[in-house]
file my_file18.pdb (PDB, C-alpha atoms)
MODEL        1
ATOM      1  CA  MET R   4     -67.776 -18.124-109.188
ATOM      2  CA  LYS R   5     -65.479 -18.688-112.151
ATOM      3  CA  TYR R   6     -61.771 -18.586-111.413
ATOM      4  CA  ASN R   7     -60.953 -16.464-114.484
ATOM      5  CA  LYS R   8     -63.064 -13.639-112.999
ATOM      6  CA  ILE R   9     -61.083 -13.863-109.769
ATOM      7  CA  TYR R  10     -57.834 -13.801-111.765
ATOM      8  CA  LYS R  11     -58.898 -10.588-113.527
ATOM      9  CA  ASN R  12     -60.103  -9.018-110.273
ATOM     10  CA  PRO R  13     -58.362 -10.519-107.196
ATOM     11  CA  LEU R  14     -60.676  -8.540-104.892
ATOM     12  CA  LEU R  15     -63.467 -10.898-105.918
ATOM     13  CA  ALA R  16     -61.584 -13.635-104.060
ATOM     14  CA  VAL R  17     -63.263 -12.186-100.966
ATOM     15  CA  VAL R  18     -66.656 -12.931-102.511
ATOM     16  CA  PHE R  19     -65.491 -16.460-103.214
ATOM     17  CA  LEU R  20     -64.426 -16.884 -99.589
ATOM     18  CA  PHE R  21     -67.906 -15.826 -98.485
ATOM     19  CA  GLN R  22     -69.263 -18.952-100.205
ATOM     20  CA  ILE R  23     -67.232 -21.300 -97.981
ATOM     21  CA  LYS R  24     -69.602 -22.859 -95.485
ATOM     22  CA  ILE R  25     -67.479 -22.281 -92.382
ATOM     23  CA  ILE R  26     -66.848 -18.631 -93.245
ATOM     24  CA  ARG R  27     -70.262 -17.616 -94.575
ATOM     25  CA  THR R  28     -72.011 -18.378 -91.279
ATOM     26  CA  LEU R  29     -69.733 -15.887 -89.534
ATOM     27  CA  VAL R  30     -70.519 -13.044 -91.956
ATOM     28  CA  SER R  31     -73.766 -11.150 -91.370
ATOM     29  CA  ASP R  32     -76.014 -10.294 -94.314
ATOM     30  CA  THR R  33     -75.340  -6.575 -93.829
ATOM     31  CA  ILE R  34     -71.565  -7.011 -93.949
ATOM     32  CA  PHE R  35     -71.927  -9.319 -96.948
ATOM     33  CA  TYR R  36     -74.042  -6.807 -98.887
ATOM     34  CA  LYS R  37     -71.754  -3.878 -98.133
ATOM     35  CA  THR R  38     -68.576  -5.784 -98.932
ATOM     36  CA  VAL R  39     -69.767  -7.343-102.175
ATOM     37  CA  TYR R  40     -71.380  -4.062-103.271
ATOM     38  CA  PHE R  41     -68.067  -2.256-102.878
ATOM     39  CA  LEU R  42     -66.115  -4.984-104.664
ATOM     40  CA  ARG R  43     -68.583  -5.075-107.545
ATOM     41  CA  THR R  44     -69.229  -1.328-107.949
ATOM     42  CA  LEU R  45     -66.336   0.392-106.113
ATOM     43  CA  ASN R  46     -68.987   2.441-104.288
ATOM     44  CA  PHE R  47     -70.092   2.364-100.667
ATOM     45  CA  LEU R  48     -73.554   0.935-100.060
ATOM     46  CA  ASN R  49     -75.946   3.298 -98.289
ATOM     47  CA  LEU R  50     -78.556   1.171 -96.532
ATOM     48  CA  LYS R  51     -79.803   3.947 -94.226
ATOM     49  CA  LYS R  52     -80.866   6.343 -96.985
ATOM     50  CA  PRO R  53     -80.685   4.381-100.249
ATOM     51  CA  ILE R  54     -81.229   6.398-103.411
ATOM     52  CA  SER R  55     -80.157   4.394-106.446
ATOM     53  CA  PHE R  56     -81.893   1.320-107.829
ATOM     54  CA  ASN R  57     -79.044  -0.961-106.765
ATOM     55  CA  GLU R  58     -78.944   0.496-103.260
ATOM     56  CA  LYS R  59     -82.683   0.008-102.843
ATOM     57  CA  ILE R  60     -82.512  -3.560-104.177
ATOM     58  CA  ASN R  61     -79.932  -4.362-101.500
ATOM     59  CA  TYR R  62     -82.127  -2.647 -98.910
ATOM     60  CA  LEU R  63     -85.034  -4.895 -99.947
ATOM     61  CA  LYS R  64     -82.780  -7.961 -99.805
ATOM     62  CA  LEU R  65     -82.125  -7.139 -96.180
ATOM     63  CA  ASN R  66     -85.554  -5.927 -95.087
ATOM     64  CA  ASP R  67     -88.261  -7.538 -97.244
ATOM     65  CA  ARG R  68     -88.439 -11.129 -96.033
ATOM     66  CA  ARG R  69     -92.099 -11.978 -96.431
ATOM     67  CA  PRO R  70     -92.641 -15.769 -96.305
ATOM     68  CA  GLU R  71     -94.735 -15.716 -99.511
ATOM     69  CA  LEU R  72     -91.700 -14.697-101.562
ATOM     70  CA  THR R  73     -90.348 -18.241-101.267
ATOM     71  CA  ASP R  74     -93.193 -19.749-103.303
ATOM     72  CA  LEU R  75     -93.067 -16.858-105.775
ATOM     73  CA  VAL R  76     -89.454 -17.572-106.780
ATOM     74  CA  ASP R  77     -89.933 -21.352-106.806
ATOM     75  CA  LYS R  78     -90.389 -22.108-110.506
ATOM     76  CA  HIS R  79     -92.814 -24.940-109.750
ATOM     77  CA  SER R  80     -94.919 -23.618-106.886
ATOM     78  CA  VAL R  81     -95.331 -20.193-108.500
ATOM     79  CA  LYS R  82     -97.365 -21.788-111.285
ATOM     80  CA  GLU R  83    -100.328 -22.481-109.009
ATOM     81  CA  ILE R  84    -100.215 -18.868-107.800
ATOM     82  CA  ILE R  85    -100.192 -17.597-111.398
ATOM     83  CA  ARG R  86    -103.034 -19.940-112.310
ATOM     84  CA  LYS R  87    -105.221 -18.462-109.579
ATOM     85  CA  LYS R  88    -104.287 -14.853-110.282
ATOM     86  CA  ILE R  89    -104.437 -14.710-114.086
ATOM     87  CA  LYS R  90    -107.681 -15.851-115.721
ATOM     88  CA  GLU R  91    -106.132 -16.944-119.018
ATOM     89  CA  ASN R  92    -103.615 -19.775-119.256
ATOM     90  CA  ILE R  93    -100.154 -18.235-119.582
ATOM     91  CA  LEU R  94     -98.251 -21.154-118.080
ATOM     92  CA  ILE R  95     -95.740 -23.213-120.038
ATOM     93  CA  PRO R  96     -97.021 -26.823-119.842
ATOM     94  CA  THR R  97     -95.266 -28.896-117.176
ATOM     95  CA  LEU R  98     -94.064 -32.329-118.350
ATOM     96  CA  GLY R  99     -92.774 -33.482-114.978
ATOM     97  CA  VAL R 100     -91.329 -32.542-111.601
ATOM     98  CA  TYR R 101     -88.657 -34.706-110.002
ATOM     99  CA  GLU R 102     -86.443 -34.765-106.933
ATOM    100  CA  LYS R 103     -83.607 -36.668-108.606
ATOM    101  CA  TYR R 104     -82.295 -36.963-112.147
ATOM    102  CA  ASN R 105     -82.585 -40.764-112.027
ATOM    103  CA  ASP R 106     -86.325 -40.433-111.403
ATOM    104  CA  ILE R 107     -86.870 -38.981-114.886
ATOM    105  CA  ASP R 108     -88.346 -41.392-117.437
ATOM    106  CA  PHE R 109     -86.974 -39.907-120.649
ATOM    107  CA  ASN R 110     -88.878 -42.479-122.730
ATOM    108  CA  LYS R 111     -92.109 -40.702-121.830
ATOM    109  CA  LEU R 112     -90.813 -37.262-122.823
ATOM    110  CA  PRO R 113     -91.089 -35.703-126.308
ATOM    111  CA  GLU R 114     -88.008 -35.267-128.482
ATOM    112  CA  SER R 115     -87.494 -31.667-127.348
ATOM    113  CA  PHE R 116     -88.170 -30.026-123.978
ATOM    114  CA  VAL R 117     -86.620 -27.746-121.357
ATOM    115  CA  ILE R 118     -85.097 -28.790-118.027
ATOM    116  CA  LYS R 119     -84.898 -26.307-115.150
ATOM    117  CA  CYS R 120     -83.958 -26.304-111.501
ATOM    118  CA  THR R 121     -86.750 -24.849-109.400
ATOM    119  CA  HIS R 122     -84.629 -23.200-106.711
ATOM    120  CA  ASP R 123     -82.169 -20.909-108.465
ATOM    121  CA  SER R 124     -81.592 -18.667-111.479
ATOM    122  CA  GLY R 125     -79.930 -19.639-114.734
ATOM    123  CA  SER R 126     -80.102 -23.421-114.424
ATOM    124  CA  VAL R 127     -81.857 -24.038-117.738
ATOM    125  CA  TRP R 128     -81.088 -26.680-120.366
ATOM    126  CA  VAL R 129     -82.844 -26.569-123.725
ATOM    127  CA  ILE R 130     -83.001 -30.117-125.103
ATOM    128  CA  GLU R 131     -83.459 -30.104-128.869
ATOM    129  CA  ASN R 132     -83.083 -33.866-129.310
ATOM    130  CA  LYS R 133     -83.222 -36.174-126.308
ATOM    131  CA  SER R 134     -81.268 -38.892-128.126
ATOM    132  CA  GLU R 135     -78.221 -36.591-128.044
ATOM    133  CA  ILE R 136     -78.253 -36.042-124.268
ATOM    134  CA  ASN R 137     -75.026 -36.916-122.491
ATOM    135  CA  HIS R 138     -76.745 -38.243-119.389
ATOM    136  CA  ASP R 139     -73.551 -38.773-117.432
ATOM    137  CA  LYS R 140     -72.527 -35.145-117.897
ATOM    138  CA  LEU R 141     -75.983 -33.596-117.482
ATOM    139  CA  SER R 142     -76.856 -35.642-114.405
ATOM    140  CA  LYS R 143     -73.640 -34.558-112.654
ATOM    141  CA  ILE R 144     -74.317 -30.886-113.421
ATOM    142  CA  ILE R 145     -77.920 -31.048-112.234
ATOM    143  CA  LYS R 146     -76.989 -33.020-109.115
ATOM    144  CA  SER R 147     -74.393 -30.381-108.277
ATOM    145  CA  ASN R 148     -76.967 -27.607-108.728
ATOM    146  CA  LEU R 149     -79.546 -29.388-106.588
ATOM    147  CA  ASN R 150     -77.016 -29.577-103.750
ATOM    148  CA  LYS R 151     -76.479 -25.816-103.732
ATOM    149  CA  ASN R 152     -78.526 -23.281-101.793
ATOM    150  CA  TYR R 153     -78.785 -20.312-104.165
ATOM    151  CA  PHE R 154     -79.296 -17.959-101.218
ATOM    152  CA  TRP R 155     -75.636 -18.034-100.292
ATOM    153  CA  LEU R 156     -74.491 -16.726-103.679
ATOM    154  CA  SER R 157     -75.945 -13.234-103.278
ATOM    155  CA  ARG R 158     -77.919 -13.574-100.016
ATOM    156  CA  GLU R 159     -81.285 -13.148-101.773
ATOM    157  CA  TRP R 160     -83.583 -14.321 -98.990
ATOM    158  CA  PRO R 161     -86.538 -15.615-101.111
ATOM    159  CA  TYR R 162     -84.362 -18.471-102.406
ATOM    160  CA  LYS R 163     -83.168 -19.645 -98.989
ATOM    161  CA  ASN R 164     -85.973 -22.092 -98.257
ATOM    162  CA  VAL R 165     -86.931 -23.229-101.757
ATOM    163  CA  ILE R 166     -86.864 -27.035-101.965
ATOM    164  CA  PRO R 167     -84.624 -27.961-104.944
ATOM    165  CA  LYS R 168     -86.395 -29.960-107.643
ATOM    166  CA  ILE R 169     -86.106 -30.642-111.356
ATOM    167  CA  LEU R 170     -88.806 -29.108-113.535
ATOM    168  CA  ILE R 171     -89.326 -30.262-117.115
ATOM    169  CA  GLU R 172     -91.442 -28.092-119.407
ATOM    170  CA  LYS R 173     -92.626 -28.068-122.975
ATOM    171  CA  LYS R 174     -90.212 -26.282-125.290
ATOM    172  CA  ILE R 175     -91.753 -23.123-126.728
ATOM    173  CA  GLY R 176     -90.398 -21.175-129.682
ATOM    174  CA  SER R 177     -86.876 -21.396-131.069
ATOM    175  CA  LYS R 178     -83.771 -20.980-128.920
ATOM    176  CA  LYS R 179     -82.329 -18.526-131.481
ATOM    177  CA  THR R 180     -85.428 -16.366-131.898
ATOM    178  CA  LEU R 181     -87.259 -16.674-128.556
ATOM    179  CA  LEU R 182     -87.394 -13.290-126.844
ATOM    180  CA  ASP R 183     -87.657 -12.912-123.085
ATOM    181  CA  TYR R 184     -89.421  -9.669-122.165
ATOM    182  CA  LYS R 185     -88.498  -8.479-118.683
ATOM    183  CA  PHE R 186     -90.884  -5.968-117.146
ATOM    184  CA  TYR R 187     -89.621  -3.701-114.351
ATOM    185  CA  CYS R 188     -92.641  -3.283-112.100
ATOM    186  CA  PHE R 189     -93.098  -0.947-109.146
ATOM    187  CA  ASN R 190     -96.186  -1.532-106.992
ATOM    188  CA  GLY R 191     -98.246  -2.644-109.966
ATOM    189  CA  LEU R 192     -96.861  -0.114-112.453
ATOM    190  CA  VAL R 193     -94.648  -1.127-115.387
ATOM    191  CA  LYS R 194     -92.043   1.532-116.076
ATOM    192  CA  PHE R 195     -89.339  -0.211-118.104
ATOM    193  CA  ILE R 196     -88.824  -3.325-120.215
ATOM    194  CA  HIS R 197     -85.589  -4.945-121.285
ATOM    195  CA  VAL R 198     -85.007  -7.617-123.885
ATOM    196  CA  ASP R 199     -81.848  -9.727-124.063
ATOM    197  CA  ILE R 200     -80.410 -10.337-127.536
ATOM    198  CA  ASP R 201     -78.022 -13.103-128.657
ATOM    199  CA  ARG R 202     -77.599 -14.261-125.059
ATOM    200  CA  TYR R 203     -75.574 -17.331-126.063
ATOM    201  CA  THR R 204     -73.238 -15.566-128.521
ATOM    202  CA  ASN R 205     -72.837 -11.771-128.277
ATOM    203  CA  HIS R 206     -75.045 -10.808-125.351
ATOM    204  CA  CYS R 207     -76.702  -7.400-125.734
ATOM    205  CA  ARG R 208     -79.616  -5.871-123.858
ATOM    206  CA  ASN R 209     -82.017  -3.243-125.191
ATOM    207  CA  VAL R 210     -84.093  -1.208-122.759
ATOM    208  CA  TYR R 211     -87.450   0.450-123.488
ATOM    209  CA  ASP R 212     -89.993   2.475-121.579
ATOM    210  CA  ALA R 213     -93.566   1.246-121.147
ATOM    211  CA  SER R 214     -94.568   2.859-124.481
ATOM    212  CA  TRP R 215     -91.789   0.952-126.253
ATOM    213  CA  ASN R 216     -89.547   3.962-126.774
ATOM    214  CA  TYR R 217     -85.933   2.828-127.050
ATOM    215  CA  LEU R 218     -83.710   4.168-124.265
ATOM    216  CA  ASN R 219     -80.083   4.895-125.116
ATOM    217  CA  MET R 220     -78.721   3.227-122.009
ATOM    218  CA  SER R 221     -77.421  -0.119-120.828
ATOM    219  CA  ILE R 222     -77.829  -2.340-117.794
ATOM    220  CA  GLU R 223     -74.734  -4.536-117.336
ATOM    221  CA  TYR R 224     -74.699  -5.633-120.996
ATOM    222  CA  PRO R 225     -74.183  -3.271-123.960
ATOM    223  CA  THR R 226     -77.176  -1.991-125.849
ATOM    224  CA  ASN R 227     -77.510  -2.628-129.586
ATOM    225  CA  PRO R 228     -79.573   0.104-131.306
ATOM    226  CA  SER R 229     -78.985  -1.510-134.709
ATOM    227  CA  ARG R 230     -80.949  -4.565-133.588
ATOM    228  CA  LYS R 231     -84.463  -3.222-133.836
ATOM    229  CA  ILE R 232     -86.975  -5.184-131.805
ATOM    230  CA  ASN R 233     -90.490  -4.550-132.994
ATOM    231  CA  LYS R 234     -93.085  -3.512-130.473
ATOM    232  CA  PRO R 235     -95.173  -6.578-129.627
ATOM    233  CA  LYS R 236     -98.706  -6.359-130.996
ATOM    234  CA  ASN R 237    -100.044  -7.408-127.613
ATOM    235  CA  LEU R 238     -97.717  -5.222-125.530
ATOM    236  CA  LYS R 239    -100.617  -3.651-123.625
ATOM    237  CA  HIS R 240    -101.892  -7.087-122.661
ATOM    238  CA  MET R 241     -98.405  -8.127-121.537
ATOM    239  CA  ILE R 242     -98.172  -4.971-119.435
ATOM    240  CA  ASP R 243    -101.583  -5.690-117.899
ATOM    241  CA  ILE R 244    -100.419  -9.163-116.889
ATOM    242  CA  ALA R 245     -97.130  -7.888-115.469
ATOM    243  CA  SER R 246     -98.990  -5.168-113.575
ATOM    244  CA  SER R 247    -101.394  -7.686-112.038
ATOM    245  CA  LEU R 248     -98.529  -9.893-110.876
ATOM    246  CA  SER R 249     -96.602  -7.009-109.320
ATOM    247  CA  VAL R 250     -99.287  -5.482-107.114
ATOM    248  CA  ASN R 251     -98.165  -5.155-103.466
ATOM    249  CA  HIS R 252     -94.498  -5.514-104.396
ATOM    250  CA  LYS R 253     -92.251  -2.469-104.158
ATOM    251  CA  PHE R 254     -90.279  -3.950-107.023
ATOM    252  CA  VAL R 255     -90.452  -7.147-109.001
ATOM    253  CA  ARG R 256     -89.261  -8.032-112.482
ATOM    254  CA  VAL R 257     -91.886 -10.036-114.336
ATOM    255  CA  ASP R 258     -90.500 -12.147-117.195
ATOM    256  CA  LEU R 259     -92.834 -13.055-120.049
ATOM    257  CA  PHE R 260     -92.387 -14.824-123.374
ATOM    258  CA  ASN R 261     -94.357 -13.956-126.494
ATOM    259  CA  VAL R 262     -94.615 -16.728-129.075
ATOM    260  CA  GLU R 263     -96.769 -15.904-132.102
ATOM    261  CA  ASP R 264     -98.765 -13.467-129.951
ATOM    262  CA  LYS R 265     -99.293 -16.119-127.277
ATOM    263  CA  ILE R 266     -98.067 -14.915-123.882
ATOM    264  CA  TYR R 267     -96.244 -17.281-121.533
ATOM    265  CA  PHE R 268     -95.089 -16.655-117.977
ATOM    266  CA  GLY R 269     -91.375 -17.017-117.277
ATOM    267  CA  GLU R 270     -90.511 -16.155-113.683
ATOM    268  CA  LEU R 271     -90.554 -13.474-110.994
ATOM    269  CA  THR R 272     -87.328 -11.802-109.875
ATOM    270  CA  PHE R 273     -87.385  -9.575-106.804
ATOM    271  CA  HIS R 274     -83.741  -8.509-106.812
ATOM    272  CA  HIS R 275     -82.641  -7.794-110.367
ATOM    273  CA  GLY R 276     -78.945  -8.557-110.782
ATOM    274  CA  ALA R 277     -78.804  -8.994-106.978
ATOM    275  CA  GLY R 278     -78.456  -5.208-106.867
ATOM    276  CA  TYR R 279     -75.020  -5.030-108.482
ATOM    277  CA  GLU R 280     -75.523  -4.500-112.213
ATOM    278  CA  LYS R 281     -73.944  -1.440-113.806
ATOM    279  CA  PHE R 282     -76.141   1.289-115.321
ATOM    280  CA  THR R 283     -74.740   3.393-118.156
ATOM    281  CA  PRO R 284     -75.185   6.343-117.964
ATOM    282  CA  GLU R 285     -75.145   6.056-114.167
ATOM    283  CA  ARG R 286     -78.012   8.564-113.820
ATOM    284  CA  TYR R 287     -80.414   5.804-114.855
ATOM    285  CA  ASN R 288     -79.495   3.954-111.675
ATOM    286  CA  THR R 289     -81.048   6.880-109.802
ATOM    287  CA  ILE R 290     -83.986   7.207-112.219
ATOM    288  CA  PHE R 291     -84.939   3.537-111.792
ATOM    289  CA  GLY R 292     -84.405   3.808-108.048
ATOM    290  CA  GLY R 293     -86.793   6.745-107.858
ATOM    291  CA  PHE R 294     -89.712   4.430-108.600
ATOM    292  CA  ILE R 295     -89.031   2.195-105.561
ATOM    293  CA  ASN R 296     -90.888   3.677-102.624
ATOM    294  CA  LEU R 297     -89.446   2.215 -99.433
TER     295      LEU R 297
ENDMDL
END
call {"tool": "encode", "arguments": {"input": "my_file18.pdb", "output": "structure tokens"}}
result
Amino acid sequence: MKYNKIYKNPLLAVVFLFQIKIIRTLVSDTIFYKTVYFLRTLNFLNLKKPISFNEKINYLKLNDRRPELTDLVDKHSVKEIIRKKIKENILIPTLGVYEKYNDIDFNKLPESFVIKCTHDSGSVWVIENKSEINHDKLSKIIKSNLNKNYFWLSREWPYKNVIPKILIEKKIGSKKTLLDYKFYCFNGLVKFIHVDIDRYTNHCRNVYDASWNYLNMSIEYPTNPSRKINKPKNLKHMIDIASSLSVNHKFVRVDLFNVEDKIYFGELTFHHGAGYEKFTPERYNTIFGGFINL
């Protein structure tokens, strides 16, 4: 957790304390969820009769601990599952999987590629030109990430037993124009889609229904109605893929890329925003939650 966030909101210091190894083992998952939920939303978490989307996500964090979820959030192992489930090839080509940074032979890699950690969320480095890599800096960052168990950050159980590795993939599309379509799926049904815009500069997030009607709402990040995102020509096909991957899951967010009408799989997320992201207007928190049947 960044210290400037703690400075702006001292209550978040409690969340930071929960990350300390000696302390975190003494705090039960239930107490952790309720405490962090209150600090993040200023609302009490109802785990007995959850109603909102965020409440139900926290309920699932506590109660849905199927062993198969571990492989589904592992960015490397999930590929074999996708390969068996989806007939067409929607996987981004893998260039290598490594346990340590020093194992990577950069001479055998193309000029541009993407490096990811397999065990967490957000550890992604887009390499445009490998000759410009600061290996000393990047290796330290990746080593630090590999030594962290992502579970302890938000207590999302699927990540607890993922074996940390380094995944290198082919770079697809352009960093500035590549759109990441995130499908909100409920037991095989796609109900909503969000697309992040200008993530590295002025992060906005537009939300649509399954028919690509723009919804005047926001989830954590402001919406930008002036930034029109055209309906993908193959939206129905993307929805079919997301639906297939979400069967038998009360909720899962399926992330797909669309590059020149070619669909690529991104990742599966079972606890969007760890169950803390702010909905505006708040009524959408309840609307989204209504589709999760516990």
call {"tool": "resolve_selection", "arguments": {"input": "my_file18.pdb", "expression": "the PyMOL selection byres ((chain R and resi 216-230) around 8)", "output": "list of chain:residue names"}}
result
R:His206, R:Cys207, R:Arg208, R:Asn209, R:Val210, R:Tyr211, R:Asp212, R:Ala213, R:Ser214, R:Trp215, R:Lys231, R:Ile232, R:Glu280, R:Lys281, R:Phe282, R:Thr283, R:Pro284, R:Tyr287
call {"tool": "write_last_selection", "arguments": {"input": "my_file18.pdb", "atoms": "C-alpha atoms", "output": "JSON list (two decimals), keeping the file's coordinate frame"}}
result
[["chain", "number", "residue", "atom", "x", "y", "z"],
["R", 206, "HIS", "CA", -75.04, -10.81, -125.35],
["R", 207, "CYS", "CA", -76.70, -7.40, -125.73],
["R", 208, "ARG", "CA", -79.62, -5.87, -123.86],
["R", 209, "ASN", "CA", -82.02, -3.24, -125.19],
["R", 210, "VAL", "CA", -84.09, -1.21, -122.76],
["R", 211, "TYR", "CA", -87.45, 0.45, -123.49],
["R", 212, "ASP", "CA", -89.99, 2.48, -121.58],
["R", 213, "ALA", "CA", -93.57, 1.25, -121.15],
["R", 214, "SER", "CA", -94.57, 2.86, -124.48],
["R", 215, "TRP", "CA", -91.79, 0.95, -126.25],
["R", 231, "LYS", "CA", -84.46, -3.22, -133.84],
["R", 232, "ILE", "CA", -86.98, -5.18, -131.80],
["R", 280, "GLU", "CA", -75.52, -4.50, -112.21],
["R", 281, "LYS", "CA", -73.94, -1.44, -113.81],
["R", 282, "PHE", "CA", -76.14, 1.29, -115.32],
["R", 283, "THR", "CA", -74.74, 3.39, -118.16],
["R", 284, "PRO", "CA", -75.18, 6.34, -117.96],
["R", 287, "TYR", "CA", -80.41, 5.80, -114.86]]
call {"tool": "residues_around", "arguments": {"input": "my_file18.pdb", "residues": "His240 of chain R", "least_positions_apart": "3", "cutoff": "12 Å", "atoms": "only C-alpha atoms", "output": "PyMOL selection string"}}
result
chain R and resi 89+91+93+193+213+235-237+243-247+259+261+264-267
call {"tool": "write_last_selection", "arguments": {"input": "my_file18.pdb", "atoms": "C-alpha atoms", "output": "PDB file, in the frame of the given file"}}
result
ATOM      1  CA  ILE R  89    -104.437 -14.710-114.086  1.00  0.00           C
ATOM      2  CA  GLU R  91    -106.132 -16.944-119.018  1.00  0.00           C
ATOM      3  CA  ILE R  93    -100.154 -18.235-119.582  1.00  0.00           C
ATOM      4  CA  VAL R 193     -94.648  -1.127-115.387  1.00  0.00           C
ATOM      5  CA  ALA R 213     -93.566   1.246-121.147  1.00  0.00           C
ATOM      6  CA  PRO R 235     -95.173  -6.578-129.627  1.00  0.00           C
ATOM      7  CA  LYS R 236     -98.706  -6.359-130.996  1.00  0.00           C
ATOM      8  CA  ASN R 237    -100.044  -7.408-127.613  1.00  0.00           C
ATOM      9  CA  ASP R 243    -101.583  -5.690-117.899  1.00  0.00           C
ATOM     10  CA  ILE R 244    -100.419  -9.163-116.889  1.00  0.00           C
ATOM     11  CA  ALA R 245     -97.130  -7.888-115.469  1.00  0.00           C
ATOM     12  CA  SER R 246     -98.990  -5.168-113.575  1.00  0.00           C
ATOM     13  CA  SER R 247    -101.394  -7.686-112.038  1.00  0.00           C
ATOM     14  CA  LEU R 259     -92.834 -13.055-120.049  1.00  0.00           C
ATOM     15  CA  ASN R 261     -94.357 -13.956-126.494  1.00  0.00           C
ATOM     16  CA  ASP R 264     -98.765 -13.467-129.951  1.00  0.00           C
ATOM     17  CA  LYS R 265     -99.293 -16.119-127.277  1.00  0.00           C
ATOM     18  CA  ILE R 266     -98.067 -14.915-123.882  1.00  0.00           C
ATOM     19  CA  TYR R 267     -96.244 -17.281-121.533  1.00  0.00           C
TER      20      TYR R 267
END
call {"tool": "closest_residue", "arguments": {"input": "my_file18.pdb", "among": "R:Asp258, R:Glu58, R:Glu135, R:Glu172", "to": "Tyr36 of chain R", "atoms": "all atoms listed in the file"}}
result
R:Glu58
call {"tool": "resolve_selection", "arguments": {"input": "my_file18.pdb", "expression": "the PyMOL selection byres ((chain R and resi 202) around 12)", "output": "list in words"}}
result
Gly125, Lys178, Lys179, Thr180, Leu181, Leu182, Asp183, Val198, Asp199, Ile200, Asp201, Tyr203, Thr204, Asn205, His206, Cys207, Arg208, Asn209, Tyr224 and Pro225 of chain R
call {"tool": "write_last_selection", "arguments": {"input": "my_file18.pdb", "atoms": "C-alpha atoms", "output": "compact mmCIF listing (two decimals), keeping the file's coordinate frame"}}
result
# COMPACT_ATOMS: atom_id res chain seq x y z
CA GLY R 125 -79.93 -19.64 -114.73
CA LYS R 178 -83.77 -20.98 -128.92
CA LYS R 179 -82.33 -18.53 -131.48
CA THR R 180 -85.43 -16.37 -131.90
CA LEU R 181 -87.26 -16.67 -128.56
CA LEU R 182 -87.39 -13.29 -126.84
CA ASP R 183 -87.66 -12.91 -123.08
CA VAL R 198 -85.01 -7.62 -123.88
CA ASP R 199 -81.85 -9.73 -124.06
CA ILE R 200 -80.41 -10.34 -127.54
CA ASP R 201 -78.02 -13.10 -128.66
CA TYR R 203 -75.57 -17.33 -126.06
CA THR R 204 -73.24 -15.57 -128.52
CA ASN R 205 -72.84 -11.77 -128.28
CA HIS R 206 -75.04 -10.81 -125.35
CA CYS R 207 -76.70 -7.40 -125.73
CA ARG R 208 -79.62 -5.87 -123.86
CA ASN R 209 -82.02 -3.24 -125.19
CA TYR R 224 -74.70 -5.63 -121.00
CA PRO R 225 -74.18 -3.27 -123.96
call {"tool": "atom_distance", "arguments": {"input": "my_file18.pdb", "atom1": "atom CA of Val117 of chain R", "atom2": "atom CA of Gly278 of chain R"}}
result
28.0 Å
call {"tool": "atom_distance", "arguments": {"input": "my_file18.pdb", "atom1": "atom CA of Val129 of chain R", "atom2": "atom CA of Leu170 of chain R"}}
result
12.1 Å
call {"tool": "build_atoms", "arguments": {"input": "my_file18.pdb", "residues": "segment 78-89 of chain R", "atoms": "N, CA and C atoms", "output": "CSV table (one decimal), in the coordinates of the input"}}
result
chain,number,residue,atom,x,y,z
R,78,LYS,N,-89.9,-22.0,-109.1
R,78,LYS,CA,-90.4,-22.1,-110.5
R,78,LYS,C,-91.5,-23.1,-110.7
R,79,HIS,N,-91.7,-24.0,-109.7
R,79,HIS,CA,-92.8,-24.9,-109.8
R,79,HIS,C,-94.0,-24.4,-109.0
R,80,SER,N,-93.8,-24.0,-107.7
R,80,SER,CA,-94.9,-23.6,-106.9
R,80,SER,C,-95.6,-22.3,-107.4
R,81,VAL,N,-94.8,-21.5,-108.0
R,81,VAL,CA,-95.3,-20.2,-108.5
R,81,VAL,C,-96.4,-20.4,-109.6
R,82,LYS,N,-96.4,-21.5,-110.2
R,82,LYS,CA,-97.4,-21.8,-111.3
R,82,LYS,C,-98.8,-21.8,-110.7
R,83,GLU,N,-99.0,-22.4,-109.6
R,83,GLU,CA,-100.3,-22.5,-109.0
R,83,GLU,C,-100.8,-21.1,-108.6
R,84,ILE,N,-99.9,-20.3,-108.2
R,84,ILE,CA,-100.2,-18.9,-107.8
R,84,ILE,C,-100.6,-18.1,-109.0
R,85,ILE,N,-99.9,-18.3,-110.1
R,85,ILE,CA,-100.2,-17.6,-111.4
R,85,ILE,C,-101.5,-18.1,-111.9
R,86,ARG,N,-101.8,-19.4,-111.8
R,86,ARG,CA,-103.0,-19.9,-112.3
R,86,ARG,C,-104.2,-19.3,-111.6
R,87,LYS,N,-104.1,-19.0,-110.3
R,87,LYS,CA,-105.2,-18.5,-109.6
R,87,LYS,C,-105.4,-17.0,-109.8
R,88,LYS,N,-104.3,-16.3,-110.2
R,88,LYS,CA,-104.3,-14.9,-110.3
R,88,LYS,C,-104.6,-14.4,-111.7
R,89,ILE,N,-104.2,-15.1,-112.7
R,89,ILE,CA,-104.4,-14.7,-114.1
R,89,ILE,C,-105.5,-15.6,-114.7
